[in-house]
4 protein chains.
Amino acid sequence: MNTPLAGIIPPIVTPLKDRDTLDAEGFERLVEHEIAGGVHGLFILGTTGEGPGLGYRLRREVIDRACRTANGRLPVLVGITDTAFVESVAIARHAASAGADALVAAPPYYMPEGQPELLEYLQHLVPELPLPLYLYNMPMMTKVSFAPETVKQAMDIAGIAGIKDSSGDMDYFRSVCSIALERRPDWSLLMGSESLLAPAVACGAHGGVCGGANVAPRVFVDLYEAAVSRDADRIRDAEARAEALSRIYRVGSHPSTGIKGIKCALSLLGVCDDFMAEPFRRFRAPEREKVARILSELGLRAAGQV
Amino acid sequence: MNTPLAGIIPPIVTPLKDRDTLDAEGFERLVEHEIAGGVHGLFILGTTGEGPGLGYRLRREVIDRACRTANGRLPVLVGITDTAFVESVAIARHAASAGADALVAAPPYYMPEGQPELLEYLQHLVPELPLPLYLYNMPMMTKVSFAPETVKQAMDIAGIAGIKDSSGDMDYFRSVCSIALERRPDWSLLMGSESLLAPAVACGAHGGVCGGANVAPRVFVDLYEAAVSRDADRIRDAEARAEALSRIYRVGSHPSTGIKGIKCALSLLGVCDDFMAEPFRRFRAPEREKVARILSELGLRAAGQV
Amino acid sequence: MNTPLAGIIPPIVTPLKDRDTLDAEGFERLVEHEIAGGVHGLFILGTTGEGPGLGYRLRREVIDRACRTANGRLPVLVGITDTAFVESVAIARHAASAGADALVAAPPYYMPEGQPELLEYLQHLVPELPLPLYLYNMPMMTKVSFAPETVKQAMDIAGIAGIKDSSGDMDYFRSVCSIALERRPDWSLLMGSESLLAPAVACGAHGGVCGGANVAPRVFVDLYEAAVSRDADRIRDAEARAEALSRIYRVGSHPSTGIKGIKCALSLLGVCDDFMAEPFRRFRAPEREKVARILSELGLRAAGQV
Amino acid sequence: MNTPLAGIIPPIVTPLKDRDTLDAEGFERLVEHEIAGGVHGLFILGTTGEGPGLGYRLRREVIDRACRTANGRLPVLVGITDTAFVESVAIARHAASAGADALVAAPPYYMPEGQPELLEYLQHLVPELPLPLYLYNMPMMTKVSFAPETVKQAMDIAGIAGIKDSSGDMDYFRSVCSIALERRPDWSLLMGSESLLAPAVACGAHGGVCGGANVAPRVFVDLYEAAVSRDADRIRDAEARAEALSRIYRVGSHPSTGIKGIKCALSLLGVCDDFMAEPFRRFRAPEREKVARILSELGLRAAGQV
């Protein structure tokens, strides 16, 4: 039986030069920034990676570039969430041939499904996939959750390796954990809400998919390690830093603010461009100044700066 | 100045043999069924057409087949709604080269946008399109509406030809109509909710995009003509028939029930297959029997039957 | 068998001098303003009447004053919606002793109910009531709807006289109408959304509960009569006036804007005070000016003014 | 400056014999059960106490009985949430004269307010109250939250003593904590979601308002003490017991299931009756058996039983 994937797996952004051009150098710098920060895996083409907003040619380029840069130093997980079944499978095959390690899929997100349809979807999809799949619970974007009972039944499908929960609902996560720890101890249970990482680890999670780790990977690696070793003081310190950083997500009020804040911070740190995939717009000067102030209060600055 | 597109433009379903195979003969029969019923246009790859659930190769096949079968007898509108900008443009170009007449786009539907972003999106998208565009307001699926103020500003973008509203909110539609009738009398104002077709025409709508017209095109053409000529008795008769048919949308309770009901009815009438795009499932026997009963009460039966 | 209540029944506002004091003279002027405008009934203590926001002593005063002023010239309906069963019954008894004609109740609105509980609630409540009850479907405030199937079962409870639907969902209303017209032709079917009044009458409604009739009762009486006589030109004229007036509901963006707009307009017309029940605040100068402009464009002005 | 209220303050249920009759003996047994379990305060007439569903006479009886039974052994907090301002004040005055210690108020919950109105409401209400007030954030029932910025401004109103957050949103709670710990160290910060109690204490909370403490007060007192002393093993044990108990909230699927589950468990333990305030219904046999099984797995049984 496999050991579950564990640790901090940042959902990395996709640096862009324009709506269809990867900022390839920025992307490589970002990957190195993450590895230098001690993270345990990379998740590309997720929500934070603006996966659904990128054309397919560009998604394949992101996969190729991520796998080549990671070069076996840490596992690469690839988001294949799509409203069209065959496109999910096509991206999955490309990911396998590029050397990725696993796939991640949320429910098809145009028309809301019933739970029996979500289960059948997984029963149809997983056998077509060349790599293990992580379920991705993200109701804010997909309108439906994988209900705990559906997750329980999905535990019987060979080829699923775990679940990432971004619902922000600790009761949901706890309930999925208690089922999985009993029936599928090989599953990896990943928390997608930064503010719930430590409590999630306390109830059995193996790691976290933390957007803020794009900017400050070390903070989340510290928090994860403190949570694993149950060191309450270190948890409190790391949480305070994570909380201070999280103010970049609240500079605006729309759901896209989180990604804009992360890209803006990475741009300020000299890592990569902050161009957003259509139809979103990068922060303008007032928001950019607020992000700069937050970074500065945290003592974060560009590599080249004093 | 152009005359606005008017009349009944059914959002036709995509008959499938399996998840990636068009029921091409069924599709042609469906197009002929619509034309025989007197409709004024065809809208393909919309919500009812399961557009977002189909792979791109299949979407192109649907476009080709629709244009070839329609063969200039009535205009073909093509849904290009997508979360990825470049894929919307690619489908639009294919539609133009296949001979389609217009395009239809709802907001990108993964991450919710703010209104300024929706407007900028249109300002960026429309100049890239080779055909006129209809806005598609469908908040149940896309989570955001084109606010009336955004629609008003979009009236200044050359290349937009009208709006289809499927919000079901008569106040919204009335408010958009009152702006458009003053500023863009050339825009086509299309109602997407069957039960609001007659009142919409009364307040200025040019036509309707009625899912039920897949099954019973004549009923909706009658209703439209009665509404235009303000014939209250004929409106009431046609509405009673439309209402009776609409019971097929309520055989189940999920948002996908409408499409399943339409496909099931078309299958019972011998028009085409009722296979659903992933991750949805066609009606099983109990629902199928209910649909059969509703059709029979309406006197609808397969062409080949007595 | 009774004839269903028909016509325009405005949900009248409660004019206040302060948070617990009725503007009694203003209230009487308002009732006379309505009667002079030709309305067919009065609905007090509804959503527009800020019923749930008033203390019980004040609610009883409103009931007494309304019945005394109406003095049999037209029926008075009293809202008894409450989260506490016994308080609904107590208000109902007071209404009966004051001479009111009927009661109106939405679901208890703190904790959302299941449909079986809504039905049982009606089965328990109605026998305790001394007057006929109208159901009040208002999901925006109560979080739950009376599902059509629940309404159908409620048709077997003696003592229910009809339903007022403020969901804004024409499909819902049409579906309730088609059940009621068959099973309970004595029920009164009342439309609570102004923009759907004419189509509602076309599909069987007996009248409308129109907030705008507080301000301009004649407009809605005209609209109702035109709808009954199926006079399409007159419908269009009255709808245009109603639509122009409805801009007072959109001067702000919160759900309370409608009531604030109506109270502000009545204050501008010299009918009554525009003080709002806690925790709401009347319009300040900028909104007040917008309302004044809308009234002036409609040719509405204070009785005393030229 | 006062020390903030701290510890476990159960939101106790209101045992009923019928819709308007308190199960007075059961209520006293419940209070003694809580005190024996080591809780640090009692919160009556909250959501779990079905406050809004009880008539005013009955609410006053609950207040009297609670204060008399507690008899100074622990503080009594009284829910005064109401849609009518004067009724909130009247209940508050009754609470003070009966000897209660503090009040708790959520936003008026019929018509949703804007944030400026929520702030003004507090500015008007608090000076009328004879006891300190705790804010109660409960958006699932009231539709609106006290935004962190509103809470921040409310910190300037003398007479507010803290906040209880039942949003289930750890980001919200963390953000309110970080403001309060700086500006109002005397405020009590109370977590209303059981599954977030330990992480809340870790980020500064003073205690928890845990529904499950009705049934098993000792479990939550243990959890609280473990969280305060940062004892990770004891936290994990107590959380596991709390989680096992929480299955009684998921025996059904409606929001009222939690209260039904608690009342059912208390009835099975011989503490009090499980009659629900209108319009809700107690669990029937199948759900009751599930609750019995959960209690038995936890080793909980009636006092009189072996």
# chains A, B, ... in the order shown; residues from 1 in each chain; ligands from 1

call {"tool": "residues_around", "arguments": {"residues": "stretch 103-108 of chain A", "least_positions_apart": "3", "cutoff": "6 Å", "atoms": "only C-alpha atoms", "output": "PyMOL selection string"}}
result
chain A and resi 77-83+133-137

call {"tool": "write_last_selection", "arguments": {"atoms": "all heavy atoms", "output": "CSV table (one decimal), in the first residue's frame"}}
result
chain,number,residue,atom,x,y,z
A,77,LEU,N,1.2,17.7,-9.6
A,77,LEU,CA,-0.2,17.3,-9.7
A,77,LEU,C,-0.8,18.2,-10.7
A,77,LEU,O,-0.6,19.4,-10.7
A,77,LEU,CB,-1.0,17.4,-8.4
A,77,LEU,CG,-0.7,16.4,-7.3
A,77,LEU,CD1,0.7,16.5,-6.8
A,77,LEU,CD2,-1.7,16.5,-6.2
A,78,VAL,N,-1.7,17.7,-11.6
A,78,VAL,CA,-2.2,18.5,-12.7
A,78,VAL,C,-3.7,18.5,-12.7
A,78,VAL,O,-4.4,17.5,-12.6
A,78,VAL,CB,-1.8,17.9,-14.1
A,78,VAL,CG1,-2.4,18.7,-15.2
A,78,VAL,CG2,-0.3,17.8,-14.2
A,79,GLY,N,-4.3,19.7,-12.7
A,79,GLY,CA,-5.7,19.9,-12.7
A,79,GLY,C,-6.3,19.6,-14.0
A,79,GLY,O,-5.8,20.1,-15.1
A,80,ILE,N,-7.3,18.7,-14.1
A,80,ILE,CA,-7.9,18.3,-15.3
A,80,ILE,C,-9.4,18.6,-15.3
A,80,ILE,O,-10.2,18.2,-16.2
A,80,ILE,CB,-7.7,16.8,-15.6
A,80,ILE,CG1,-8.4,15.9,-14.5
A,80,ILE,CG2,-6.3,16.5,-15.8
A,80,ILE,CD1,-8.5,14.5,-14.9
A,81,THR,N,-9.9,19.4,-14.3
A,81,THR,CA,-11.3,19.8,-14.2
A,81,THR,C,-11.8,20.4,-15.5
A,81,THR,O,-11.1,21.3,-16.1
A,81,THR,CB,-11.5,20.8,-13.1
A,81,THR,OG1,-10.9,20.3,-11.9
A,81,THR,CG2,-12.9,21.1,-12.9
A,82,ASP,N,-12.9,19.9,-16.0
A,82,ASP,CA,-13.4,20.4,-17.3
A,82,ASP,C,-14.8,20.1,-17.4
A,82,ASP,O,-15.3,19.1,-16.8
A,82,ASP,CB,-12.6,19.8,-18.5
A,82,ASP,CG,-12.6,20.6,-19.7
A,82,ASP,OD1,-13.7,20.9,-20.3
A,82,ASP,OD2,-11.5,21.1,-20.1
A,83,THR,N,-15.6,20.9,-18.2
A,83,THR,CA,-17.0,20.5,-18.4
A,83,THR,C,-17.1,19.5,-19.5
A,83,THR,O,-18.2,18.8,-19.6
A,83,THR,CB,-17.8,21.8,-18.8
A,83,THR,OG1,-17.1,22.5,-19.9
A,83,THR,CG2,-17.9,22.7,-17.6
A,133,LEU,N,-5.9,9.8,-9.3
A,133,LEU,CA,-6.7,11.1,-9.3
A,133,LEU,C,-6.9,11.5,-7.8
A,133,LEU,O,-7.3,10.7,-7.0
A,133,LEU,CB,-8.0,10.8,-10.0
A,133,LEU,CG,-9.0,12.0,-10.0
A,133,LEU,CD1,-8.5,13.1,-11.0
A,133,LEU,CD2,-10.4,11.6,-10.3
A,134,TYR,N,-6.8,12.8,-7.6
A,134,TYR,CA,-7.3,13.4,-6.4
A,134,TYR,C,-8.6,14.1,-6.6
A,134,TYR,O,-8.7,14.9,-7.6
A,134,TYR,CB,-6.3,14.4,-5.8
A,134,TYR,CG,-5.1,13.7,-5.3
A,134,TYR,CD1,-4.0,13.4,-6.2
A,134,TYR,CD2,-4.9,13.3,-4.0
A,134,TYR,CE1,-2.9,12.7,-5.8
A,134,TYR,CE2,-3.8,12.7,-3.5
A,134,TYR,CZ,-2.8,12.4,-4.4
A,134,TYR,OH,-1.7,11.7,-4.0
A,135,LEU,N,-9.6,13.8,-5.8
A,135,LEU,CA,-10.9,14.6,-5.9
A,135,LEU,C,-10.7,16.0,-5.4
A,135,LEU,O,-9.8,16.2,-4.5
A,135,LEU,CB,-12.0,13.9,-5.1
A,135,LEU,CG,-12.3,12.5,-5.3
A,135,LEU,CD1,-13.4,12.0,-4.5
A,135,LEU,CD2,-12.6,12.2,-6.8
A,136,TYR,N,-11.4,16.9,-6.0
A,136,TYR,CA,-11.2,18.3,-5.6
A,136,TYR,C,-12.6,18.9,-5.3
A,136,TYR,O,-13.4,19.0,-6.2
A,136,TYR,CB,-10.6,19.0,-6.9
A,136,TYR,CG,-10.2,20.5,-6.7
A,136,TYR,CD1,-10.4,21.2,-5.5
A,136,TYR,CD2,-9.8,21.2,-7.8
A,136,TYR,CE1,-10.0,22.5,-5.5
A,136,TYR,CE2,-9.4,22.5,-7.8
A,136,TYR,CZ,-9.5,23.2,-6.6
A,136,TYR,OH,-9.2,24.5,-6.5
A,137,ASN,N,-12.8,19.1,-4.0
A,137,ASN,CA,-14.1,19.6,-3.6
A,137,ASN,C,-14.0,21.2,-3.5
A,137,ASN,O,-13.3,21.7,-2.7
A,137,ASN,CB,-14.4,19.1,-2.2
A,137,ASN,CG,-15.9,19.3,-1.8
A,137,ASN,OD1,-16.8,19.0,-2.6
A,137,ASN,ND2,-16.2,19.8,-0.6

call {"tool": "interface_residues", "arguments": {"of": "chain D", "to": "chain C", "cutoff": "10 Å", "atoms": "only C-alpha atoms", "output": "ChimeraX atom specification"}}
result
/D:19-20,47,50-58,82-88,90,107-114,116-122,124-125,140-143,253-256,277-281

call {"tool": "write_last_selection", "arguments": {"atoms": "N, CA and C atoms", "output": "compact mmCIF listing (two decimals), in the first residue's frame"}}
result
# COMPACT_ATOMS: atom_id res chain seq x y z
N ARG D 19 -46.88 23.14 22.64
CA ARG D 19 -46.33 24.31 21.95
C ARG D 19 -46.21 25.56 22.80
N ASP D 20 -46.91 25.59 23.94
CA ASP D 20 -46.84 26.79 24.76
C ASP D 20 -46.62 26.47 26.25
N THR D 47 -30.68 30.15 19.16
CA THR D 47 -31.19 29.32 18.07
C THR D 47 -31.53 27.94 18.59
N GLU D 50 -34.53 27.64 20.55
CA GLU D 50 -35.77 27.92 19.79
C GLU D 50 -36.41 29.23 20.22
N GLY D 51 -35.59 30.17 20.66
CA GLY D 51 -36.11 31.45 21.15
C GLY D 51 -37.15 32.09 20.23
N PRO D 52 -36.81 32.31 18.96
CA PRO D 52 -37.78 32.99 18.10
C PRO D 52 -39.07 32.20 17.91
N GLY D 53 -39.07 30.93 18.19
CA GLY D 53 -40.26 30.11 17.99
C GLY D 53 -41.18 30.08 19.20
N LEU D 54 -40.80 30.74 20.28
CA LEU D 54 -41.61 30.71 21.51
C LEU D 54 -42.38 32.01 21.68
N GLY D 55 -43.59 31.91 22.22
CA GLY D 55 -44.36 33.11 22.56
C GLY D 55 -43.65 33.89 23.67
N TYR D 56 -44.02 35.15 23.82
CA TYR D 56 -43.30 36.01 24.77
C TYR D 56 -43.54 35.61 26.21
N ARG D 57 -44.75 35.20 26.53
CA ARG D 57 -45.02 34.76 27.90
C ARG D 57 -44.11 33.59 28.25
N LEU D 58 -43.97 32.67 27.31
CA LEU D 58 -43.14 31.50 27.54
C LEU D 58 -41.66 31.89 27.63
N ASP D 82 -34.77 39.72 17.83
CA ASP D 82 -36.17 39.89 17.46
C ASP D 82 -36.25 40.78 16.23
N THR D 83 -37.32 40.64 15.48
CA THR D 83 -37.50 41.54 14.35
C THR D 83 -38.07 42.88 14.81
N ALA D 84 -38.65 42.93 16.01
CA ALA D 84 -39.23 44.18 16.52
C ALA D 84 -38.38 44.73 17.65
N PHE D 85 -37.87 45.94 17.44
CA PHE D 85 -36.97 46.60 18.39
C PHE D 85 -37.56 46.62 19.81
N VAL D 86 -38.81 47.04 19.95
CA VAL D 86 -39.36 47.21 21.29
C VAL D 86 -39.53 45.88 22.01
N GLU D 87 -39.72 44.81 21.27
CA GLU D 87 -39.84 43.50 21.93
C GLU D 87 -38.48 43.04 22.43
N SER D 88 -37.40 43.33 21.68
CA SER D 88 -36.05 43.02 22.18
C SER D 88 -35.79 43.75 23.49
N ALA D 90 -38.00 44.92 25.61
CA ALA D 90 -38.87 44.42 26.67
C ALA D 90 -38.32 43.13 27.28
N PRO D 107 -28.78 40.06 14.23
CA PRO D 107 -29.52 41.08 13.48
C PRO D 107 -31.00 40.71 13.34
N PRO D 108 -31.88 41.71 13.33
CA PRO D 108 -33.30 41.43 13.01
C PRO D 108 -33.34 40.67 11.69
N TYR D 109 -34.17 39.67 11.61
CA TYR D 109 -33.94 38.62 10.61
C TYR D 109 -35.04 38.45 9.58
N TYR D 110 -35.91 39.43 9.42
CA TYR D 110 -36.90 39.27 8.32
C TYR D 110 -36.34 39.90 7.05
N MET D 111 -36.17 41.19 7.05
CA MET D 111 -35.66 41.88 5.87
C MET D 111 -34.16 42.13 6.04
N PRO D 112 -33.34 41.71 5.07
CA PRO D 112 -31.88 41.86 5.23
C PRO D 112 -31.45 43.33 5.28
N GLU D 113 -30.53 43.62 6.21
CA GLU D 113 -30.05 44.98 6.39
C GLU D 113 -28.73 45.21 5.65
N GLY D 114 -28.45 46.47 5.37
CA GLY D 114 -27.10 46.86 4.97
C GLY D 114 -26.23 47.03 6.22
N PRO D 116 -24.37 49.64 7.26
CA PRO D 116 -24.57 50.88 8.03
C PRO D 116 -25.81 50.78 8.92
N GLU D 117 -26.83 50.10 8.44
CA GLU D 117 -28.04 49.95 9.25
C GLU D 117 -27.79 49.04 10.44
N LEU D 118 -26.99 48.00 10.26
CA LEU D 118 -26.67 47.14 11.40
C LEU D 118 -25.94 47.93 12.48
N LEU D 119 -25.02 48.77 12.05
CA LEU D 119 -24.26 49.56 13.03
C LEU D 119 -25.18 50.55 13.76
N GLU D 120 -26.00 51.26 12.99
CA GLU D 120 -26.93 52.21 13.63
C GLU D 120 -27.90 51.50 14.55
N TYR D 121 -28.31 50.32 14.16
CA TYR D 121 -29.21 49.53 15.00
C TYR D 121 -28.57 49.30 16.37
N LEU D 122 -27.30 48.90 16.38
CA LEU D 122 -26.60 48.67 17.64
C LEU D 122 -26.46 49.97 18.42
N HIS D 124 -28.49 52.36 18.43
CA HIS D 124 -29.78 52.69 19.02
C HIS D 124 -30.16 51.72 20.13
N LEU D 125 -29.87 50.45 19.91
CA LEU D 125 -30.35 49.42 20.82
C LEU D 125 -29.59 49.39 22.13
N MET D 140 -26.65 32.06 8.69
CA MET D 140 -27.53 31.04 8.10
C MET D 140 -28.99 31.35 8.44
N MET D 141 -29.25 31.92 9.58
CA MET D 141 -30.62 32.23 9.96
C MET D 141 -31.00 33.67 9.63
N THR D 142 -30.07 34.61 9.79
CA THR D 142 -30.44 36.02 9.67
C THR D 142 -30.14 36.60 8.29
N LYS D 143 -29.50 35.82 7.44
CA LYS D 143 -29.18 36.20 6.05
C LYS D 143 -28.04 37.21 5.95
N SER D 253 -31.47 16.05 7.32
CA SER D 253 -30.69 16.95 6.48
C SER D 253 -31.13 18.41 6.57
N HIS D 254 -32.17 18.73 7.32
CA HIS D 254 -32.59 20.12 7.40
C HIS D 254 -31.84 20.85 8.52
N PRO D 255 -31.81 22.19 8.44
CA PRO D 255 -31.10 22.94 9.48
C PRO D 255 -31.62 22.67 10.88
N SER D 256 -32.88 22.26 11.00
CA SER D 256 -33.43 22.02 12.33
C SER D 256 -32.97 20.68 12.91
N ALA D 277 -40.83 23.24 19.37
CA ALA D 277 -41.69 24.40 19.13
C ALA D 277 -42.20 24.34 17.69
N GLU D 278 -43.43 24.79 17.47
CA GLU D 278 -43.97 24.90 16.11
C GLU D 278 -43.00 25.72 15.26
N PRO D 279 -42.87 25.40 13.99
CA PRO D 279 -43.57 24.39 13.20
C PRO D 279 -42.76 23.11 13.06
N PHE D 280 -41.88 22.81 13.99
CA PHE D 280 -41.00 21.66 13.83
C PHE D 280 -41.54 20.43 14.56
N ARG D 281 -41.05 19.28 14.16
CA ARG D 281 -41.54 18.00 14.68
C ARG D 281 -40.38 17.20 15.24

call {"tool": "residues_around", "arguments": {"residues": "stretch 173-177 of chain C", "least_positions_apart": "4", "cutoff": "9 Å", "atoms": "only C-alpha atoms", "output": "list in words"}}
result
Ser195 and Glu243 of chain B; Ala147, Pro148, Glu149, Val151, Lys152, Ile163, Asp165, Ser167, Gly168, Asp169, Leu181, Glu182, Leu189, Met191, Ala200, Cys203, Gly204 and Ala205 of chain C

call {"tool": "write_last_selection", "arguments": {"atoms": "C-alpha atoms", "output": "PDB file, in the first residue's frame"}}
result
ATOM      1  CA  SER B 195     -43.563  30.997 -19.402  1.00  0.00           C
ATOM      2  CA  GLU B 243     -47.600  24.685 -19.849  1.00  0.00           C
TER       3      GLU B 243
ATOM      4  CA  ALA C 147     -43.783  23.974  -2.772  1.00  0.00           C
ATOM      5  CA  PRO C 148     -46.594  23.465  -5.332  1.00  0.00           C
ATOM      6  CA  GLU C 149     -47.173  19.981  -3.926  1.00  0.00           C
ATOM      7  CA  VAL C 151     -49.980  24.053  -1.717  1.00  0.00           C
ATOM      8  CA  LYS C 152     -51.914  21.251  -3.394  1.00  0.00           C
ATOM      9  CA  ILE C 163     -52.449  32.351  -1.997  1.00  0.00           C
ATOM     10  CA  ASP C 165     -47.135  34.701  -4.457  1.00  0.00           C
ATOM     11  CA  SER C 167     -41.545  34.733  -5.455  1.00  0.00           C
ATOM     12  CA  GLY C 168     -41.278  36.514  -8.799  1.00  0.00           C
ATOM     13  CA  ASP C 169     -41.175  33.074 -10.411  1.00  0.00           C
ATOM     14  CA  LEU C 181     -58.164  26.375 -10.876  1.00  0.00           C
ATOM     15  CA  GLU C 182     -59.022  22.689 -11.042  1.00  0.00           C
ATOM     16  CA  LEU C 189     -54.815  33.642  -6.625  1.00  0.00           C
ATOM     17  CA  MET C 191     -49.763  38.003  -7.763  1.00  0.00           C
ATOM     18  CA  ALA C 200     -50.677  36.453 -14.079  1.00  0.00           C
ATOM     19  CA  CYS C 203     -53.173  32.665 -16.643  1.00  0.00           C
ATOM     20  CA  GLY C 204     -55.943  32.864 -14.066  1.00  0.00           C
ATOM     21  CA  ALA C 205     -54.931  35.231 -11.261  1.00  0.00           C
TER      22      ALA C 205
END

call {"tool": "select_by_dssp", "arguments": {"residues": "stretch 33-118 of chain D", "states": "strand (DSSP E)", "output": "ChimeraX atom specification"}}
result
/D:42-44,76-79,102-105

call {"tool": "write_last_selection", "arguments": {"atoms": "all heavy atoms", "output": "mmCIF file, in the first residue's frame"}}
result
data_model
loop_
_atom_site.group_PDB
_atom_site.id
_atom_site.type_symbol
_atom_site.label_atom_id
_atom_site.label_comp_id
_atom_site.auth_asym_id
_atom_site.auth_seq_id
_atom_site.Cartn_x
_atom_site.Cartn_y
_atom_site.Cartn_z
ATOM 1 N N LEU D 42 -24.656 29.708 30.940
ATOM 2 C CA LEU D 42 -25.795 29.165 30.192
ATOM 3 C C LEU D 42 -26.298 30.239 29.238
ATOM 4 O O LEU D 42 -26.398 31.408 29.625
ATOM 5 C CB LEU D 42 -26.939 28.791 31.153
ATOM 6 C CG LEU D 42 -26.655 27.688 32.173
ATOM 7 C CD1 LEU D 42 -27.851 27.549 33.124
ATOM 8 C CD2 LEU D 42 -26.395 26.343 31.470
ATOM 9 N N PHE D 43 -26.594 29.817 28.017
ATOM 10 C CA PHE D 43 -27.185 30.751 27.047
ATOM 11 C C PHE D 43 -28.580 30.239 26.744
ATOM 12 O O PHE D 43 -28.732 29.156 26.187
ATOM 13 C CB PHE D 43 -26.292 30.812 25.801
ATOM 14 C CG PHE D 43 -26.876 31.551 24.632
ATOM 15 C CD1 PHE D 43 -27.691 32.662 24.794
ATOM 16 C CD2 PHE D 43 -26.587 31.138 23.323
ATOM 17 C CE1 PHE D 43 -28.223 33.342 23.701
ATOM 18 C CE2 PHE D 43 -27.116 31.815 22.229
ATOM 19 C CZ PHE D 43 -27.932 32.911 22.425
ATOM 20 N N ILE D 44 -29.589 31.019 27.107
ATOM 21 C CA ILE D 44 -30.973 30.585 26.865
ATOM 22 C C ILE D 44 -31.604 31.420 25.753
ATOM 23 O O ILE D 44 -31.169 32.526 25.458
ATOM 24 C CB ILE D 44 -31.841 30.684 28.141
ATOM 25 C CG1 ILE D 44 -31.878 32.124 28.670
ATOM 26 C CG2 ILE D 44 -31.325 29.739 29.229
ATOM 27 C CD1 ILE D 44 -32.851 32.316 29.831
ATOM 28 N N VAL D 76 -26.004 33.654 33.415
ATOM 29 C CA VAL D 76 -27.066 33.336 32.457
ATOM 30 C C VAL D 76 -27.108 34.430 31.397
ATOM 31 O O VAL D 76 -27.261 35.609 31.714
ATOM 32 C CB VAL D 76 -28.433 33.218 33.162
ATOM 33 C CG1 VAL D 76 -29.545 33.036 32.143
ATOM 34 C CG2 VAL D 76 -28.415 32.066 34.164
ATOM 35 N N LEU D 77 -26.967 34.007 30.134
ATOM 36 C CA LEU D 77 -27.067 34.932 29.001
ATOM 37 C C LEU D 77 -28.410 34.700 28.317
ATOM 38 O O LEU D 77 -28.789 33.541 28.098
ATOM 39 C CB LEU D 77 -25.936 34.676 28.000
ATOM 40 C CG LEU D 77 -24.529 35.135 28.384
ATOM 41 C CD1 LEU D 77 -23.940 34.318 29.529
ATOM 42 C CD2 LEU D 77 -23.598 35.067 27.166
ATOM 43 N N VAL D 78 -29.076 35.777 27.922
ATOM 44 C CA VAL D 78 -30.438 35.672 27.386
ATOM 45 C C VAL D 78 -30.498 36.199 25.957
ATOM 46 O O VAL D 78 -30.124 37.351 25.700
ATOM 47 C CB VAL D 78 -31.426 36.463 28.271
ATOM 48 C CG1 VAL D 78 -32.830 36.397 27.699
ATOM 49 C CG2 VAL D 78 -31.392 35.946 29.701
ATOM 50 N N GLY D 79 -30.988 35.385 25.055
ATOM 51 C CA GLY D 79 -31.169 35.810 23.667
ATOM 52 C C GLY D 79 -32.326 36.777 23.531
ATOM 53 O O GLY D 79 -33.425 36.488 24.011
ATOM 54 N N ALA D 102 -26.372 38.795 31.155
ATOM 55 C CA ALA D 102 -26.019 39.429 29.886
ATOM 56 C C ALA D 102 -27.050 39.065 28.831
ATOM 57 O O ALA D 102 -27.904 38.191 29.042
ATOM 58 C CB ALA D 102 -24.627 38.997 29.439
ATOM 59 N N LEU D 103 -26.954 39.751 27.698
ATOM 60 C CA LEU D 103 -27.901 39.593 26.596
ATOM 61 C C LEU D 103 -27.142 39.218 25.324
ATOM 62 O O LEU D 103 -25.940 39.494 25.217
ATOM 63 C CB LEU D 103 -28.657 40.909 26.386
ATOM 64 C CG LEU D 103 -29.288 41.483 27.653
ATOM 65 C CD1 LEU D 103 -29.726 42.923 27.422
ATOM 66 C CD2 LEU D 103 -30.453 40.620 28.116
ATOM 67 N N VAL D 104 -27.847 38.638 24.393
ATOM 68 C CA VAL D 104 -27.244 38.202 23.136
ATOM 69 C C VAL D 104 -28.201 38.580 22.011
ATOM 70 O O VAL D 104 -29.389 38.257 22.090
ATOM 71 C CB VAL D 104 -27.014 36.674 23.129
ATOM 72 C CG1 VAL D 104 -26.340 36.230 21.851
ATOM 73 C CG2 VAL D 104 -26.204 36.235 24.355
ATOM 74 N N ALA D 105 -27.695 39.258 20.977
ATOM 75 C CA ALA D 105 -28.602 39.666 19.892
ATOM 76 C C ALA D 105 -27.972 39.471 18.515
ATOM 77 O O ALA D 105 -26.877 39.965 18.243
ATOM 78 C CB ALA D 105 -29.014 41.125 20.050
#

call {"tool": "closest_residue", "arguments": {"among": "C:Val201, C:Val39, C:Leu266, C:Leu300", "to": "C:Ile235", "atoms": "only C-alpha atoms"}}
result
C:Val201
